[in-house]
Structures are given as C-alpha cells and as structure tokens.
$ cat query.txt   # compact mmCIF, C-alpha atoms
# COMPACT_ATOMS: atom_id res chain seq x y z
CA MET A 1 -156.16 -111.47 26.92
CA ALA A 2 -156.19 -114.62 24.83
CA PRO A 3 -157.77 -114.41 21.35
CA ALA A 4 -160.74 -116.59 22.39
CA LYS A 5 -161.42 -114.28 25.33
CA VAL A 6 -161.16 -111.20 23.08
CA CYS A 7 -163.57 -112.81 20.62
CA ALA A 8 -166.06 -113.71 23.38
CA ALA A 9 -165.80 -110.23 24.92
CA LYS A 10 -166.44 -108.52 21.59
CA GLN A 11 -169.36 -110.80 20.78
CA ARG A 12 -170.84 -110.17 24.23
CA ALA A 13 -170.39 -106.41 23.69
CA LEU A 14 -172.24 -106.69 20.36
CA PHE A 15 -175.05 -108.71 21.93
CA GLU A 16 -175.45 -106.27 24.82
CA ALA A 17 -175.32 -103.28 22.43
CA THR A 18 -178.08 -104.85 20.32
CA LEU A 19 -180.22 -105.51 23.39
CA ASN A 20 -179.66 -101.96 24.65
CA LEU A 21 -180.76 -100.52 21.30
CA LEU A 22 -183.87 -102.71 21.37
CA LYS A 23 -184.56 -101.47 24.93
CA GLU A 24 -184.27 -97.91 23.62
CA GLY A 25 -187.18 -98.65 21.30
CA TYR A 26 -185.57 -99.55 18.01
CA ALA A 27 -187.25 -102.31 16.06
CA PRO A 28 -184.83 -104.99 14.86
CA HIS A 29 -185.38 -104.12 11.20
CA GLN A 30 -184.44 -100.50 11.94
CA LEU A 31 -181.05 -101.37 13.39
CA LYS A 32 -177.95 -100.95 11.30
CA ILE A 33 -174.68 -102.76 11.89
CA SER A 34 -172.99 -99.37 12.21
CA GLN A 35 -175.33 -98.39 15.12
CA ILE A 36 -174.71 -101.68 16.90
CA ALA A 37 -170.94 -101.41 16.38
CA GLN A 38 -170.88 -97.83 17.66
CA LYS A 39 -172.94 -98.75 20.74
CA ALA A 40 -170.55 -101.65 21.40
CA GLY A 41 -167.45 -99.51 20.88
CA ILE A 42 -166.30 -101.75 18.04
CA GLY A 43 -165.51 -100.88 14.44
CA LYS A 44 -168.16 -101.77 11.85
CA GLY A 45 -165.71 -103.94 9.91
CA THR A 46 -164.86 -105.88 13.05
CA VAL A 47 -168.51 -106.93 13.40
CA TYR A 48 -168.20 -108.84 10.12
CA GLU A 49 -165.21 -110.74 11.49
CA TYR A 50 -167.62 -112.36 13.94
CA PHE A 51 -170.94 -112.36 12.06
CA GLU A 52 -171.55 -112.66 8.32
CA SER A 53 -174.77 -110.61 8.48
CA LYS A 54 -177.15 -108.75 10.74
CA GLN A 55 -179.31 -111.87 10.75
CA ALA A 56 -176.40 -113.95 12.04
CA LEU A 57 -175.76 -111.35 14.76
CA PHE A 58 -179.42 -111.42 15.81
CA SER A 59 -179.39 -115.21 15.91
CA GLY A 60 -176.41 -114.88 18.24
CA VAL A 61 -178.36 -112.40 20.39
CA VAL A 62 -181.23 -114.87 20.77
CA GLU A 63 -178.82 -117.66 21.71
CA TYR A 64 -177.04 -115.32 24.15
CA CYS A 65 -180.38 -114.57 25.84
CA ARG A 66 -181.25 -118.27 25.94
CA GLN A 67 -177.97 -119.15 27.61
CA ARG A 68 -178.38 -116.33 30.12
CA GLU A 69 -181.91 -117.55 30.95
CA LEU A 70 -180.72 -121.15 31.40
CA SER A 71 -177.90 -119.96 33.66
CA GLN A 72 -180.37 -117.99 35.74
CA LEU A 73 -182.61 -121.06 36.11
CA GLU A 74 -179.59 -123.12 37.16
CA GLU A 75 -178.74 -120.49 39.78
CA ILE A 76 -182.33 -120.48 41.06
CA LEU A 77 -182.23 -124.25 41.53
CA GLN A 78 -178.87 -124.11 43.30
CA ASN A 79 -179.93 -121.31 45.64
CA SER A 80 -183.38 -122.63 46.55
CA PRO A 81 -183.16 -124.70 49.74
CA THR A 82 -186.47 -126.51 49.17
CA PHE A 83 -188.36 -128.03 46.27
CA PHE A 84 -191.36 -125.75 46.64
CA GLY A 85 -189.07 -122.75 47.13
CA ALA A 86 -187.45 -123.63 43.82
CA VAL A 87 -190.85 -124.14 42.15
CA ARG A 88 -192.03 -120.72 43.34
CA SER A 89 -188.81 -119.01 42.21
CA VAL A 90 -188.87 -120.73 38.81
CA ALA A 91 -192.55 -119.77 38.34
CA VAL A 92 -191.80 -116.11 39.06
CA TYR A 93 -188.73 -116.17 36.80
CA MET A 94 -190.63 -117.80 33.93
CA ARG A 95 -193.45 -115.28 34.31
CA ASP A 96 -190.92 -112.46 34.19
CA CYS A 97 -189.32 -113.96 31.06
CA ALA A 98 -192.72 -114.29 29.40
CA GLN A 99 -193.34 -110.60 30.05
CA ASN A 100 -189.84 -109.40 29.13
CA PRO A 101 -189.74 -108.21 25.50
CA LEU A 102 -186.03 -109.07 25.41
CA SER A 103 -186.34 -112.71 26.51
CA SER A 104 -185.25 -115.26 23.94
CA PHE A 105 -188.82 -116.47 23.46
CA ARG A 106 -190.20 -112.97 22.94
CA LEU A 107 -187.35 -112.05 20.57
CA LEU A 108 -188.08 -115.12 18.44
CA ALA A 109 -191.83 -114.49 18.56
CA ALA A 110 -191.40 -110.83 17.61
CA GLN A 111 -189.36 -111.65 14.54
CA LYS A 112 -191.73 -114.43 13.52
CA PHE A 113 -194.84 -112.25 13.74
CA ALA A 114 -193.08 -109.35 12.00
CA GLY A 115 -192.05 -111.63 9.15
CA GLU A 116 -188.41 -110.74 9.66
CA GLU A 117 -185.58 -113.09 8.84
CA TRP A 118 -183.29 -112.51 11.83
CA GLY A 119 -183.03 -114.75 14.86
CA LYS A 120 -183.77 -118.02 13.11
CA ILE A 121 -185.41 -120.68 15.19
CA PRO A 122 -182.56 -122.92 16.29
CA THR A 123 -181.53 -125.85 14.17
CA ARG A 124 -182.37 -129.36 15.33
CA ALA A 125 -178.88 -129.64 16.82
CA GLY A 126 -179.34 -126.31 18.64
CA CYS A 127 -182.74 -127.38 19.94
CA CYS A 128 -181.32 -130.70 21.12
CA THR A 129 -178.56 -128.93 23.04
CA GLN A 130 -181.04 -126.57 24.67
CA SER A 131 -183.49 -129.40 25.33
CA ASP A 132 -180.72 -131.38 27.01
CA SER A 133 -179.93 -128.39 29.23
CA ILE A 134 -183.59 -127.97 30.17
CA ARG A 135 -183.96 -131.70 30.81
CA ALA A 136 -180.97 -131.59 33.14
CA LEU A 137 -182.50 -128.67 35.07
CA VAL A 138 -185.86 -130.46 35.31
CA ALA A 139 -184.11 -133.63 36.48
CA LYS A 140 -182.44 -131.63 39.28
CA LEU A 141 -185.78 -130.14 40.28
CA LEU A 142 -187.47 -133.55 40.29
CA GLU A 143 -184.60 -135.06 42.29
CA LYS A 144 -184.97 -132.31 44.89
CA GLY A 145 -188.72 -132.96 45.05
CA ARG A 146 -188.26 -136.70 45.44
CA LYS A 147 -185.62 -136.29 48.19
CA GLU A 148 -187.98 -134.05 50.16
CA GLY A 149 -190.94 -136.38 49.61
CA ALA A 150 -192.85 -133.70 47.70
CA ILE A 151 -193.10 -136.04 44.70
CA GLY A 152 -194.56 -139.44 45.43
CA PRO A 153 -192.41 -142.51 44.72
CA SER A 154 -194.93 -143.89 42.23
CA MET A 155 -195.22 -140.58 40.33
CA ALA A 156 -193.68 -140.91 36.87
CA ASP A 157 -191.23 -138.17 35.87
CA ASN A 158 -193.30 -137.33 32.78
CA THR A 159 -196.43 -136.86 34.88
CA ALA A 160 -194.59 -134.72 37.42
CA CYS A 161 -193.14 -132.61 34.59
CA LEU A 162 -196.60 -132.13 33.12
CA ALA A 163 -197.96 -130.94 36.48
CA LEU A 164 -195.06 -128.51 36.90
CA LEU A 165 -195.35 -127.21 33.35
CA GLY A 166 -199.07 -126.60 33.81
CA ALA A 167 -198.43 -124.71 37.04
CA PHE A 168 -195.68 -122.59 35.47
CA ALA A 169 -197.77 -121.82 32.40
CA ALA A 170 -200.82 -120.87 34.47
CA PHE A 171 -198.76 -118.59 36.70
CA SER A 172 -197.21 -116.91 33.63
CA LEU A 173 -200.56 -115.87 32.18
CA PRO A 174 -200.89 -112.12 31.65
CA GLY A 175 -203.09 -110.17 34.00
CA GLN A 176 -201.74 -111.52 37.27
CA ARG A 177 -201.80 -108.77 39.87
CA LEU A 178 -198.56 -108.34 41.75
CA GLN A 179 -200.36 -107.85 45.07
CA GLN A 180 -201.98 -111.28 44.59
CA GLU A 181 -198.72 -113.01 43.66
CA GLU A 182 -198.12 -114.67 47.04
CA GLN A 183 -201.71 -115.88 47.22
CA ILE A 184 -201.49 -117.33 43.70
CA LEU A 185 -198.14 -118.98 44.50
CA ASP A 186 -199.65 -120.49 47.66
CA GLN A 187 -202.57 -121.89 45.64
CA MET A 188 -200.18 -123.24 43.02
CA GLN A 189 -198.14 -124.95 45.73
CA LEU A 190 -201.27 -126.54 47.26
CA LEU A 191 -202.40 -127.84 43.89
CA LEU A 192 -198.94 -129.24 43.14
CA LYS A 193 -198.79 -130.95 46.55
CA LYS A 194 -201.98 -132.80 45.66
CA ALA A 195 -200.99 -133.51 42.07
CA LEU A 196 -197.49 -134.79 42.87
CA ALA A 197 -198.35 -136.96 45.88
$ encode --input "query.txt" --output "structure tokens"
Amino acid sequence: MAPAKVCAAKQRALFEATLNLLKEGYAPHQLKISQIAQKAGIGKGTVYEYFESKQALFSGVVEYCRQRELSQLEEILQNSPTFFGAVRSVAVYMRDCAQNPLSSFRLLAAQKFAGEEWGKIPTRAGCCTQSDSIRALVAKLLEKGRKEGAIGPSMADNTACLALLGAFAAFSLPGQRLQQEEQILDQMQLLLKKALA
C-alpha cells in the first residue's frame, strides 16, 4: 500500500472508531485518544502523527461525515430516474440526517450547545468548498427538473432552490409519522409541482 493510502486508511479507521464510540453512548468530552486508538487498532502515538489534538481529530470526523453525506446525495441524484423521484429521495435522506445524532450537522450542533471546542465550524475556505459541492448537486437536480419540464422555463434557479429548500425543511421537521411518510411526500410533490411551474 502506498503511504497516502496507509494514511487515508488509518485516518478513516480513527474516524470510524470515534463514531462507533459516540454510538456506544460516550460524550465527545469523555473520549480519550487512547480509547479511540484502541478501538481503531492503532497505537496512541500514531494518532498524533495524523492529528495534533483530540479537537483536530474531531474536526476531521465532522468533515468525514460531511463528505460521506455529500457522496450519498450525489449517489441519490445519479440513481433517481426522475426529478420528483430524486426530490423524494433527497427529502427522506435529509430528514434521516437531521434525526441522526452522528450527522455532521448534529455533531457540530452538539459541540456548540455543549460549549466544547472540538469540531470547529469549517473555515471560510472549507465552507466555500462544501458550498461549491452543494451548489453542484443542486444544479444537477435543477437540470433534471428542467429537462423533464417539472421546472418552468421562466422559473429562476434561486426561486426553484427556495421552493425545494422549503419542502426539504418542512419534511425534515420532527414528529413526522413513518406511516404517513408517503402521504406527506405526495403532498410535498403536489405543492412543488405548483410552485415550480
């Protein structure tokens, strides 16, 4: 294995070990580098070859989750044959992320509300990179909608994005009953058809 691949594999093992410990119920401030290293099957000293501190490791975990979420959204768009199929799948995925305590958003929110210093909110450059990735995904979704005629030719991209964002946010609200999910998705689709025409 090339050194870059070894480095990436060890970092991924550390990220997954951290997430597994969080799933087991540990709070981030309770975790020790030695626990994370042991769970990852890596020596404690090796962790510091990749991360200068626990905070740096946790920032990496948040970024790892973000990248995984963006990859999943990209896969959803590629595998959805229709615009509204993609919208429905994205809505469900975003709702699931909003409810997952280990999503990048929830990890950042948890540390912010706990007053902890790990998982810093990304720098402007990091936000720009992520924003560019999200913009590219939205552009693909809008293109699919325009090709199918689901988005009217006079509809501005910003307005279409606002309608989609509102639909995704409303669907992600807590308290949605799973047995009503299809009915809610159908209503969301009807509203979007009217809004995007």
$ closest_residue --input "query.txt" --among "A:Ile134, A:Val92, A:Leu14, A:Leu142" --to "A:Lys44" --atoms "all atoms listed in the file"
A:Leu14
$ atom_distance --input "query.txt" --atom1 "atom CA of A:Leu31" --atom2 "atom CA of A:Lys54"
8.8 Å
$ atom_distance --input "query.txt" --atom1 "atom CA of A:Ala150" --atom2 "atom CA of A:Ala86"
12.1 Å
$ residues_around --input "query.txt" --residues "stretch 155-170 of chain A" --least-positions-apart "5" --cutoff "9 Å" --atoms "only C-alpha atoms" --output "ChimeraX atom specification"
/A:87-88,90-92,94-95,138-139,142,188-189,191-192,195-197
$ atom_distance --input "query.txt" --atom1 "atom CA of A:Gln35" --atom2 "atom CA of A:Phe15"
12.4 Å
